[in-house]
file my_file.cif (mmCIF, C-alpha atoms)
data_data
#
loop_
_atom_site.label_atom_id
_atom_site.label_comp_id
_atom_site.auth_asym_id
_atom_site.auth_seq_id
_atom_site.Cartn_x
_atom_site.Cartn_y
_atom_site.Cartn_z
CA MET A 296 103.19 132.92 173.71
CA THR A 297 102.18 131.51 170.33
CA PRO A 298 100.60 134.16 168.08
CA ALA A 299 96.96 133.62 167.15
CA PRO A 300 96.37 132.12 163.70
CA SER A 301 95.81 134.66 160.96
CA LEU A 302 92.76 132.73 159.63
CA ARG A 303 93.40 134.05 156.12
CA LEU A 304 91.39 132.37 153.37
CA GLY A 305 92.18 130.68 150.10
CA ILE A 306 89.88 128.75 147.79
CA GLU A 307 90.21 126.23 144.96
CA GLU A 308 87.44 125.35 142.53
CA GLU A 309 87.21 122.77 139.75
CA TYR A 310 85.21 123.70 136.66
CA GLN A 311 83.45 121.84 133.86
CA ILE A 312 83.67 123.11 130.29
CA ILE A 313 80.63 121.99 128.31
CA ASP A 314 80.07 121.39 124.61
CA PRO A 315 77.01 123.53 123.67
CA GLN A 316 75.80 121.01 121.09
CA THR A 317 75.97 117.77 123.05
CA ARG A 318 75.91 119.30 126.56
CA ASN A 319 78.60 116.74 127.39
CA LEU A 320 81.81 117.43 129.27
CA ARG A 321 84.55 118.72 126.95
CA TYR A 322 87.27 120.00 129.26
CA ILE A 323 88.17 120.13 132.95
CA VAL A 324 89.74 123.22 134.51
CA THR A 325 91.58 122.54 137.74
CA ARG A 326 94.86 123.01 139.57
CA THR A 327 97.07 119.94 139.68
CA ALA A 328 98.56 119.02 143.03
CA ARG A 329 101.83 118.10 141.36
CA ASP A 330 102.88 121.32 139.65
CA GLU A 331 100.51 123.78 141.35
CA GLN A 332 99.46 125.12 137.95
CA PRO A 333 95.92 125.11 136.57
CA VAL A 334 95.40 122.94 133.52
CA LEU A 335 92.66 122.54 130.99
CA ARG A 336 92.22 118.84 130.21
CA GLY A 337 90.30 117.72 127.15
CA HIS A 338 90.10 114.77 124.80
CA ASP A 339 91.97 116.70 122.08
CA GLY A 340 95.01 117.26 124.28
CA ASP A 341 94.62 121.04 124.50
CA THR A 342 96.13 122.23 127.78
CA SER A 343 96.59 125.93 127.07
CA LEU A 344 95.46 128.56 129.53
CA ASN A 345 96.20 132.24 129.42
CA ALA A 346 98.76 133.53 131.91
CA GLU A 347 96.25 135.78 133.67
CA LEU A 348 93.98 132.84 134.53
CA THR A 349 96.95 130.68 135.55
CA ASN A 350 98.20 133.31 137.97
CA SER A 351 94.70 134.00 139.27
CA MET A 352 93.95 130.37 140.15
CA CYS A 353 97.33 129.84 141.81
CA GLU A 354 97.08 133.02 143.83
CA LEU A 355 93.49 132.48 144.99
CA ALA A 356 94.36 129.02 146.33
CA LYS A 357 96.92 130.48 148.72
CA PRO A 358 95.37 131.65 152.01
CA HIS A 359 96.16 135.35 151.85
CA ILE A 360 92.68 136.93 152.03
CA SER A 361 91.50 138.13 155.43
CA HIS A 362 87.86 139.05 154.75
CA VAL A 363 85.28 136.90 153.02
CA HIS A 364 83.88 139.79 150.97
CA GLU A 365 87.35 140.10 149.39
CA LEU A 366 87.28 136.37 148.73
CA LYS A 367 83.94 136.76 146.99
CA ALA A 368 85.26 139.49 144.70
CA ALA A 369 88.33 137.41 143.84
CA LEU A 370 86.24 134.30 143.21
CA ILE A 371 83.87 136.19 140.91
CA GLU A 372 86.89 137.50 138.99
CA GLN A 373 88.27 133.97 138.64
CA ARG A 374 84.97 132.52 137.47
CA GLN A 375 84.61 135.34 134.96
CA ALA A 376 88.05 134.48 133.59
CA VAL A 377 87.17 130.79 133.21
CA CYS A 378 83.82 131.72 131.73
CA ALA A 379 85.51 134.04 129.23
CA LEU A 380 87.96 131.29 128.30
CA ALA A 381 85.04 128.98 127.53
CA ASP A 382 83.13 131.70 125.70
CA GLU A 383 86.09 132.50 123.45
CA ARG A 384 86.09 128.88 122.29
CA GLY A 385 82.34 128.73 121.77
CA LEU A 386 81.92 126.55 124.85
CA LEU A 387 79.99 126.76 128.11
CA MET A 388 81.00 126.60 131.76
CA ALA A 389 79.29 124.71 134.58
CA ALA A 390 79.96 123.94 138.22
CA ALA A 391 78.68 120.90 140.13
CA GLY A 392 80.09 117.89 141.95
CA THR A 393 79.47 115.66 138.91
CA HIS A 394 78.35 116.13 135.34
CA PRO A 395 74.80 114.73 135.02
CA PHE A 396 75.52 112.27 132.21
CA ALA A 397 79.22 112.31 131.25
CA SER A 398 80.69 108.82 131.55
CA TRP A 399 84.24 107.96 132.49
CA LYS A 400 83.91 104.95 130.15
CA GLN A 401 83.80 107.19 127.07
CA PRO A 402 87.19 106.96 125.34
CA ASP A 403 87.32 110.71 124.69
CA MET A 404 86.43 111.75 128.25
CA PRO A 405 89.05 114.11 129.77
CA LEU A 406 91.09 112.86 132.71
CA HIS A 407 90.95 114.91 135.88
CA GLY A 408 94.30 116.69 136.14
CA ARG A 409 94.39 116.35 139.92
CA TYR A 410 94.65 112.56 139.66
CA GLU A 411 96.49 112.16 136.38
CA GLY A 412 99.79 111.47 138.11
CA VAL A 413 98.44 108.45 140.01
CA MET A 414 96.93 106.65 137.01
CA ALA A 415 99.78 104.13 136.86
CA GLU A 416 99.10 103.06 140.45
CA MET A 417 95.34 103.41 140.77
CA ARG A 418 94.26 102.58 137.24
CA VAL A 419 90.46 102.49 136.95
CA VAL A 420 89.99 104.06 140.40
CA ALA A 421 91.66 107.25 139.17
CA LYS A 422 89.91 107.14 135.79
CA ARG A 423 86.49 106.99 137.47
CA LEU A 424 87.14 110.21 139.40
CA LEU A 425 85.16 112.42 137.06
CA ILE A 426 84.26 114.60 140.02
CA PHE A 427 84.55 118.26 140.98
CA GLY A 428 85.06 119.80 144.39
CA MET A 429 85.78 123.02 146.22
CA HIS A 430 88.62 123.32 148.74
CA VAL A 431 88.81 126.04 151.38
CA HIS A 432 92.09 126.92 153.09
CA VAL A 433 92.19 128.64 156.48
CA ALA A 434 95.67 129.75 157.56
CA ILE A 435 96.85 128.29 160.88
CA GLU A 436 100.56 128.90 161.23
CA ASP A 437 101.18 126.75 164.33
CA PRO A 438 101.16 123.00 163.48
CA ALA A 439 99.99 122.06 166.99
CA VAL A 440 96.95 124.32 166.67
CA ALA A 441 96.23 123.00 163.18
CA ILE A 442 96.22 119.37 164.35
CA ASP A 443 94.02 120.15 167.36
CA VAL A 444 91.51 122.05 165.24
CA MET A 445 91.47 119.28 162.63
CA ASN A 446 90.72 116.67 165.30
CA VAL A 447 87.64 118.56 166.42
CA ALA A 448 86.51 119.90 163.03
CA ARG A 449 86.18 116.33 161.74
CA TYR A 450 82.88 116.10 163.63
CA MET A 451 81.38 118.99 161.65
CA LEU A 452 82.36 117.72 158.20
CA PRO A 453 78.99 115.98 157.56
CA HIS A 454 77.11 119.09 158.65
CA LEU A 455 79.12 121.21 156.20
CA LEU A 456 78.67 118.68 153.40
CA THR A 457 74.88 118.89 153.65
CA LEU A 458 75.10 122.57 152.63
CA THR A 459 77.05 121.86 149.44
CA THR A 460 75.56 118.75 147.85
CA SER A 461 75.46 119.06 144.06
CA SER A 462 76.05 115.58 142.62
CA PRO A 463 72.80 113.60 142.53
CA PHE A 464 73.39 112.33 138.97
CA TRP A 465 76.14 110.07 137.69
CA ALA A 466 76.61 108.71 134.16
CA GLY A 467 73.02 109.52 133.22
CA ARG A 468 71.32 108.10 136.29
CA ASP A 469 69.80 109.55 139.42
CA THR A 470 71.95 107.92 142.11
CA GLY A 471 69.42 108.47 144.88
CA LEU A 472 72.13 110.35 146.78
CA LYS A 473 72.71 114.06 147.25
CA SER A 474 76.52 113.83 147.00
CA TYR A 475 77.66 110.94 144.87
CA ARG A 476 80.95 112.80 144.36
CA ALA A 477 81.82 112.13 147.99
CA ILE A 478 81.21 108.41 147.52
CA LEU A 479 83.45 108.28 144.47
CA HIS A 480 86.20 110.24 146.19
CA GLU A 481 86.27 107.71 149.02
CA ASN A 482 87.54 105.09 146.56
CA LEU A 483 90.92 106.74 146.91
CA PRO A 484 93.25 105.56 149.66
CA ARG A 485 93.85 108.03 152.49
CA SER A 486 90.54 109.77 151.82
CA GLY A 487 87.39 110.58 153.77
CA VAL A 488 87.40 111.51 157.45
CA PRO A 489 90.95 111.71 158.83
CA HIS A 490 92.19 109.83 161.86
CA PHE A 491 92.71 111.47 165.25
CA PHE A 492 96.29 112.58 165.82
CA ALA A 493 97.53 113.29 169.33
CA SER A 494 100.21 115.75 168.19
CA PRO A 495 102.00 117.20 165.17
CA THR A 496 104.80 114.74 165.89
CA GLU A 497 102.43 111.80 165.49
CA TYR A 498 101.11 113.26 162.26
CA ARG A 499 104.63 113.85 160.90
CA HIS A 500 105.60 110.28 161.75
CA TYR A 501 102.59 109.04 159.76
CA VAL A 502 103.48 111.16 156.73
CA ASP A 503 107.20 110.45 156.87
CA LEU A 504 106.62 106.71 157.12
CA LEU A 505 104.42 106.78 154.01
CA LEU A 506 107.07 108.78 152.17
CA LYS A 507 109.92 106.54 153.31
CA THR A 508 108.10 103.39 152.22
CA HIS A 509 107.07 105.00 148.88
CA CYS A 510 103.36 104.67 149.62
CA ILE A 511 102.91 108.28 148.55
CA ARG A 512 104.81 110.55 146.18
CA SER A 513 104.27 113.61 148.35
CA GLU A 514 102.08 114.85 151.16
CA ASN A 515 99.55 115.90 148.50
CA ASP A 516 98.68 112.21 148.10
CA ILE A 517 96.80 112.33 151.40
CA TRP A 518 93.28 113.17 150.25
CA TRP A 519 91.32 113.52 153.49
CA ASP A 520 88.22 115.71 153.79
CA VAL A 521 90.28 118.05 155.97
CA ARG A 522 94.05 118.03 156.15
CA PRO A 523 97.00 120.21 157.16
CA HIS A 524 98.51 121.76 154.07
CA HIS A 525 102.27 121.39 154.25
CA GLU A 526 103.08 124.33 151.98
CA TYR A 527 100.43 126.90 152.93
CA SER A 528 100.44 126.38 156.73
CA SER A 529 96.70 126.01 156.63
CA LEU A 530 93.89 123.61 157.25
CA GLU A 531 92.42 122.61 153.91
CA PHE A 532 88.73 121.63 153.98
CA ARG A 533 88.10 119.36 150.99
CA VAL A 534 84.74 117.73 151.74
CA PHE A 535 82.64 120.05 149.56
CA ASP A 536 80.95 119.43 146.24
CA MET A 537 81.58 122.13 143.67
CA MET A 538 78.70 124.62 143.81
CA PRO A 539 77.16 126.48 140.85
CA THR A 540 76.46 129.78 142.63
CA VAL A 541 79.10 132.05 144.09
CA ASP A 542 76.88 132.98 147.05
CA ASP A 543 76.64 129.33 148.15
CA ALA A 544 80.40 128.82 147.83
CA VAL A 545 81.32 132.01 149.66
CA GLY A 546 78.78 131.36 152.42
CA VAL A 547 80.36 127.98 153.11
CA ALA A 548 83.85 129.48 153.08
CA ALA A 549 82.70 132.08 155.63
CA VAL A 550 81.31 129.37 157.92
CA VAL A 551 84.55 127.40 157.69
CA GLN A 552 86.57 130.47 158.69
CA ALA A 553 84.23 131.17 161.62
CA LEU A 554 84.29 127.51 162.69
CA VAL A 555 88.08 127.53 162.82
CA ALA A 556 88.05 130.83 164.73
CA TRP A 557 85.65 129.31 167.29
CA LEU A 558 87.73 126.17 167.80
CA VAL A 559 90.94 128.19 168.10
CA ASP A 560 89.28 130.39 170.71
CA LEU A 561 88.10 127.37 172.70
CA ARG A 562 91.62 125.97 172.63
CA SER A 563 93.09 129.27 173.86
CA HIS A 564 90.85 128.93 176.94
CA ASN A 565 91.85 125.30 177.47
CA ILE A 566 88.40 124.17 176.35
CA SER A 567 87.74 121.66 173.63
CA PHE A 568 84.73 120.30 171.83
CA ARG A 569 84.52 116.57 172.47
CA THR A 570 86.25 114.42 169.84
CA TYR A 571 84.62 111.28 168.44
CA PRO A 572 85.98 108.22 166.65
CA ARG A 573 86.25 108.28 162.91
CA SER A 574 83.78 105.39 162.70
CA LEU A 575 81.01 107.46 164.30
CA ILE A 576 81.71 110.54 162.20
CA GLU A 577 81.52 108.38 159.08
CA GLU A 578 77.99 107.33 160.06
CA ASN A 579 76.96 110.96 159.82
CA LYS A 580 78.92 111.49 156.62
CA TRP A 581 77.01 108.67 154.94
CA ARG A 582 73.74 110.30 155.98
CA ALA A 583 74.93 113.62 154.53
CA GLU A 584 75.91 111.93 151.27
CA ARG A 585 72.64 110.07 151.00
CA TYR A 586 70.04 112.52 152.25
CA GLY A 587 71.75 115.92 152.56
CA LEU A 588 69.63 118.47 154.39
CA ASP A 589 66.53 116.29 154.07
CA GLY A 590 67.89 113.56 156.32
CA LYS A 591 68.84 113.13 159.93
CA LEU A 592 72.23 113.32 161.57
CA ILE A 593 73.18 111.76 164.87
CA ASP A 594 73.88 114.04 167.80
CA PHE A 595 76.41 111.78 169.49
CA GLY A 596 76.36 113.88 172.67
CA LYS A 597 72.62 113.32 173.04
CA GLU A 598 72.85 109.87 171.41
CA GLN A 599 69.85 110.50 169.18
CA GLN A 600 68.96 111.34 165.60
CA LEU A 601 67.89 114.88 164.82
CA ALA A 602 66.89 116.59 161.59
CA ALA A 603 69.96 117.66 159.63
CA ARG A 604 68.49 121.12 159.18
CA THR A 605 68.17 121.47 162.97
CA LEU A 606 71.78 120.50 163.60
CA VAL A 607 73.13 122.68 160.79
CA ARG A 608 71.23 125.67 162.16
CA GLU A 609 72.67 124.84 165.58
CA LEU A 610 76.18 124.89 164.13
CA LEU A 611 75.53 128.29 162.53
CA ARG A 612 74.33 129.62 165.88
CA LEU A 613 77.45 128.31 167.64
CA VAL A 614 79.79 130.10 165.25
CA ASP A 615 77.65 133.26 165.02
CA PRO A 616 79.79 135.34 167.46
CA TYR A 617 82.81 134.63 165.27
CA VAL A 618 80.87 135.35 162.09
CA ASN A 619 80.13 138.72 163.65
CA LYS A 620 83.79 139.35 164.54
CA LEU A 621 84.86 138.42 161.02
CA GLY A 622 82.25 140.67 159.43
CA ALA A 623 80.68 137.83 157.45
CA HIS A 624 76.99 137.95 158.43
CA ARG A 625 75.72 138.77 154.95
CA GLU A 626 77.54 135.78 153.47
CA VAL A 627 76.55 133.34 156.20
CA ASP A 628 72.94 134.54 156.36
CA HIS A 629 72.58 133.35 152.77
CA LEU A 630 73.02 129.78 154.03
CA TYR A 631 69.72 129.98 155.90
CA THR A 632 68.10 130.33 152.47
CA VAL A 633 69.97 127.21 151.37
CA ILE A 634 68.71 125.38 154.46
CA GLU A 635 65.13 126.35 153.64
CA GLN A 636 65.15 125.95 149.86
CA GLY A 637 67.72 123.20 149.33
CA THR A 638 71.07 122.85 147.61
CA SER A 639 72.07 122.46 144.00
CA ALA A 640 71.28 118.72 144.25
CA ASP A 641 67.67 119.60 145.06
CA ARG A 642 67.44 122.13 142.24
CA GLN A 643 68.91 119.65 139.74
CA ARG A 644 66.32 117.05 140.69
CA ARG A 645 63.50 119.57 140.36
CA VAL A 646 64.65 120.50 136.85
CA TYR A 647 64.94 116.83 135.94
CA GLN A 648 61.37 116.12 137.01
CA GLN A 649 60.03 119.28 135.37
CA HIS A 650 61.40 118.04 132.04
CA GLY A 651 59.90 114.57 132.22
CA GLY A 652 62.29 112.70 134.50
CA ASN A 653 62.93 109.06 133.66
CA ALA A 654 60.29 109.07 130.96
CA ASN A 655 62.30 111.68 129.05
CA ARG A 656 65.73 110.98 130.50
CA GLU A 657 68.01 112.31 127.76
CA GLU A 658 66.26 115.65 127.39
CA ALA A 659 65.74 115.99 131.14
CA LEU A 660 69.46 115.51 131.77
CA ARG A 661 70.31 118.07 129.09
CA ALA A 662 67.97 120.46 130.87
CA VAL A 663 69.85 119.85 134.12
CA VAL A 664 73.11 120.74 132.37
CA ASP A 665 71.50 123.91 131.01
CA SER A 666 70.33 124.87 134.49
CA LEU A 667 73.86 124.42 135.88
CA VAL A 668 75.32 126.51 133.07
CA ALA A 669 72.76 129.25 133.71
CA GLU A 670 73.63 129.35 137.41
CA THR A 671 77.38 129.22 136.85
CA MET A 672 78.16 131.47 133.89
CA ILE A 673 78.59 135.03 135.13
CA CYS A 674 80.46 136.62 132.21
CA ARG A 675 77.35 137.27 130.14
#

call {"tool": "encode", "arguments": {"input": "my_file.cif", "output": "structure tokens"}}
result
Amino acid sequence: MTPAPSLRLGIEEEYQIIDPQTRNLRYIVTRTARDEQPVLRGHDGDTSLNAELTNSMCELAKPHISHVHELKAALIEQRQAVCALADERGLLMAAAGTHPFASWKQPDMPLHGRYEGVMAEMRVVAKRLLIFGMHVHVAIEDPAVAIDVMNVARYMLPHLLTLTTSSPFWAGRDTGLKSYRAILHENLPRSGVPHFFASPTEYRHYVDLLLKTHCIRSENDIWWDVRPHHEYSSLEFRVFDMMPTVDDAVGVAAVVQALVAWLVDLRSHNISFRTYPRSLIEENKWRAERYGLDGKLIDFGKEQQLAARTLVRELLRLVDPYVNKLGAHREVDHLYTVIEQGTSADRQRRVYQQHGGNANREEALRAVVDSLVAETMICR
């Protein structure tokens, strides 16, 4: 009998380092997929990070944490380290899916380390990816279980995205969307909602064919919103905008762990949630990108639109028994506050309007940056 998945957690976050004078983006702190080391990318070429931070970011990405309260403590420690790094240099730290007014067209704008290696192939597509996300790993050691869970979990990706939207602004403009980061990310090949795979063999054939024909350099060049991680034996959920507050980030990680636990349990009883075509799931993802919690998602079982908040609450109720088993109620209960009060995207827009909105665009956008810094920096 196949052992049950361990469901251990890992998390990756991508941070913005802000110039306190201009409020513009100065550096990017991330882990590169190529060398698995965090890097600090800036226009002056400085890539130094202290060893403690390097080790911390690498270790936290690996799914080795069983309980979400331990994940929270480790994430706070990591953010404090990044914050201290910025503080030592007289800089600020922020977390959001996009910077409110930084422009990829600026010649001194840092290149995102995660996509630096594909510049030669993707050119302007890679250069435009001035975006920041959070990735959650849930350990599933059996590839067959991982593929089955991925097939079903695709349906919930839009619901999860609505809880994390934090990129309403792009290059100094209100995009009208809640998650413009997700739109930009979909410019990459092999991104967005993954296809349905009937088995691990079918998935391996897909990957091996891309490798054999030199379409990809490695399996890391598959950038779906959820994917099997070849090294960590995990499912990696990548659909999320970067979130300013630790409580939001940890609450989402707790829901992801409970969701996987639920789907694994259904599978162990030969029960499965119905799977839907990628094309239908993408309809809901667009609605999540555009409207977030304020919009409507389609319940494809009922074949009708329902308020996103209603369907997200329904998802939280479905996974609640597993939240209880995992001891994560405090973390997940916080998400009900998010549902009621809105996400970072909503808070950013409120700050923008409070400071004059379009009539005072430059100052209003600087105020949005200040609000993100205030929510993110936890070393002071």

call {"tool": "closest_residue", "arguments": {"input": "my_file.cif", "among": "A:Asn579, A:Gln401, A:Ser361, A:Ser563", "to": "Ala548 of chain A", "atoms": "all atoms listed in the file"}}
result
A:Ser361

call {"tool": "resolve_selection", "arguments": {"input": "my_file.cif", "expression": "the PyMOL selection byres ((chain A and resi 580) around 10)", "output": "PyMOL selection string"}}
result
chain A and resi 450-457+477-478+487-488+534+574-579+581-587+592

call {"tool": "write_last_selection", "arguments": {"input": "my_file.cif", "atoms": "C-alpha atoms", "output": "CSV table (one decimal), in the frame of the given file"}}
result
chain,number,residue,atom,x,y,z
A,450,TYR,CA,82.9,116.1,163.6
A,451,MET,CA,81.4,119.0,161.6
A,452,LEU,CA,82.4,117.7,158.2
A,453,PRO,CA,79.0,116.0,157.6
A,454,HIS,CA,77.1,119.1,158.6
A,455,LEU,CA,79.1,121.2,156.2
A,456,LEU,CA,78.7,118.7,153.4
A,457,THR,CA,74.9,118.9,153.6
A,477,ALA,CA,81.8,112.1,148.0
A,478,ILE,CA,81.2,108.4,147.5
A,487,GLY,CA,87.4,110.6,153.8
A,488,VAL,CA,87.4,111.5,157.4
A,534,VAL,CA,84.7,117.7,151.7
A,574,SER,CA,83.8,105.4,162.7
A,575,LEU,CA,81.0,107.5,164.3
A,576,ILE,CA,81.7,110.5,162.2
A,577,GLU,CA,81.5,108.4,159.1
A,578,GLU,CA,78.0,107.3,160.1
A,579,ASN,CA,77.0,111.0,159.8
A,581,TRP,CA,77.0,108.7,154.9
A,582,ARG,CA,73.7,110.3,156.0
A,583,ALA,CA,74.9,113.6,154.5
A,584,GLU,CA,75.9,111.9,151.3
A,585,ARG,CA,72.6,110.1,151.0
A,586,TYR,CA,70.0,112.5,152.2
A,587,GLY,CA,71.8,115.9,152.6
A,592,LEU,CA,72.2,113.3,161.6

call {"tool": "resolve_selection", "arguments": {"input": "my_file.cif", "expression": "the PyMOL selection byres ((chain A and resi 494-500) around 10)", "output": "PyMOL selection string"}}
result
chain A and resi 437-443+446+490-493+501-506+523

call {"tool": "closest_residue", "arguments": {"input": "my_file.cif", "among": "A:Ile360, A:Ile634, A:Leu458, A:Ala389", "to": "Asp536 of chain A", "atoms": "all atoms listed in the file"}}
result
A:Leu458

call {"tool": "closest_residue", "arguments": {"input": "my_file.cif", "among": "A:Arg476, A:Arg384, A:His524, A:Arg625", "to": "Val550 of chain A", "atoms": "all atoms listed in the file"}}
result
A:Arg625

call {"tool": "residues_around", "arguments": {"input": "my_file.cif", "residues": "Leu425 of chain A", "least_positions_apart": "6", "cutoff": "10 Å", "atoms": "only C-alpha atoms", "output": "list in words"}}
result
Leu320, Ile323, Gly392, Thr393, His394, Ala397, Ser398, Trp399, Met404, Pro405, Leu406, His407, Tyr410, Trp465, Ala466, Arg476, Leu479 and His480 of chain A

call {"tool": "resolve_selection", "arguments": {"input": "my_file.cif", "expression": "the PyMOL selection byres ((chain A and resi 519) around 10)", "output": "compact mmCIF listing (two decimals) with C-alpha atoms, keeping the file's coordinate frame"}}
result
# COMPACT_ATOMS: atom_id res chain seq x y z
CA HIS A 480 86.20 110.24 146.19
CA GLU A 481 86.27 107.71 149.02
CA LEU A 483 90.92 106.74 146.91
CA PRO A 484 93.25 105.56 149.66
CA ARG A 485 93.85 108.03 152.49
CA SER A 486 90.54 109.77 151.82
CA GLY A 487 87.39 110.58 153.77
CA VAL A 488 87.40 111.51 157.45
CA PRO A 489 90.95 111.71 158.83
CA HIS A 490 92.19 109.83 161.86
CA ASN A 515 99.55 115.90 148.50
CA ASP A 516 98.68 112.21 148.10
CA ILE A 517 96.80 112.33 151.40
CA TRP A 518 93.28 113.17 150.25
CA ASP A 520 88.22 115.71 153.79
CA VAL A 521 90.28 118.05 155.97
CA ARG A 522 94.05 118.03 156.15
CA PRO A 523 97.00 120.21 157.16
CA GLU A 531 92.42 122.61 153.91
CA PHE A 532 88.73 121.63 153.98
CA ARG A 533 88.10 119.36 150.99
CA VAL A 534 84.74 117.73 151.74

call {"tool": "residues_around", "arguments": {"input": "my_file.cif", "residues": "Asp382 of chain A", "least_positions_apart": "3", "cutoff": "10 Å", "atoms": "all atoms listed in the file", "output": "ChimeraX atom specification"}}
result
/A:312,376-379,385-388,672,674-675

call {"tool": "atom_distance", "arguments": {"input": "my_file.cif", "atom1": "atom CA of Phe396 of chain A", "atom2": "atom CA of Arg374 of chain A"}}
result
23.0 Å

call {"tool": "residues_around", "arguments": {"input": "my_file.cif", "residues": "Ala391 of chain A", "least_positions_apart": "3", "cutoff": "8 Å", "atoms": "all atoms listed in the file", "output": "PyMOL selection string"}}
result
chain A and resi 310-311+394+427-428+461-462+536-539+639+667

call {"tool": "residues_near_point", "arguments": {"input": "my_file.cif", "point": "(69.8, 129.7, 157.3)", "cutoff": "12 Å", "atoms": "all atoms listed in the file", "output": "tab-separated table (two decimals) with C-alpha atoms, in the coordinates of the input"}}
result
chain	number	residue	atom	x	y	z
A	458	LEU	CA	75.10	122.57	152.63
A	543	ASP	CA	76.64	129.33	148.15
A	546	GLY	CA	78.78	131.36	152.42
A	547	VAL	CA	80.36	127.98	153.11
A	550	VAL	CA	81.31	129.37	157.92
A	588	LEU	CA	69.63	118.47	154.39
A	604	ARG	CA	68.49	121.12	159.18
A	605	THR	CA	68.17	121.47	162.97
A	606	LEU	CA	71.78	120.50	163.60
A	607	VAL	CA	73.13	122.68	160.79
A	608	ARG	CA	71.23	125.67	162.16
A	609	GLU	CA	72.67	124.84	165.58
A	610	LEU	CA	76.18	124.89	164.13
A	611	LEU	CA	75.53	128.29	162.53
A	612	ARG	CA	74.33	129.62	165.88
A	615	ASP	CA	77.65	133.26	165.02
A	624	HIS	CA	76.99	137.95	158.43
A	625	ARG	CA	75.72	138.77	154.95
A	626	GLU	CA	77.54	135.78	153.47
A	627	VAL	CA	76.55	133.34	156.20
A	628	ASP	CA	72.94	134.54	156.36
A	629	HIS	CA	72.58	133.35	152.77
A	630	LEU	CA	73.02	129.78	154.03
A	631	TYR	CA	69.72	129.98	155.90
A	632	THR	CA	68.10	130.33	152.47
A	633	VAL	CA	69.97	127.21	151.37
A	634	ILE	CA	68.71	125.38	154.46
A	635	GLU	CA	65.13	126.35	153.64
A	636	GLN	CA	65.15	125.95	149.86
A	637	GLY	CA	67.72	123.20	149.33
A	638	THR	CA	71.07	122.85	147.61

call {"tool": "atom_distance", "arguments": {"input": "my_file.cif", "atom1": "atom CA of Tyr647 of chain A", "atom2": "atom CA of Ser666 of chain A"}}
result
9.8 Å

call {"tool": "closest_residue", "arguments": {"input": "my_file.cif", "among": "A:Cys353, A:Ala654, A:Ala640, A:Ile673", "to": "Thr470 of chain A", "atoms": "all atoms listed in the file"}}
result
A:Ala640

call {"tool": "closest_residue", "arguments": {"input": "my_file.cif", "among": "A:Val420, A:Met445, A:Val545, A:Ala368", "to": "Leu558 of chain A", "atoms": "only C-alpha atoms"}}
result
A:Met445
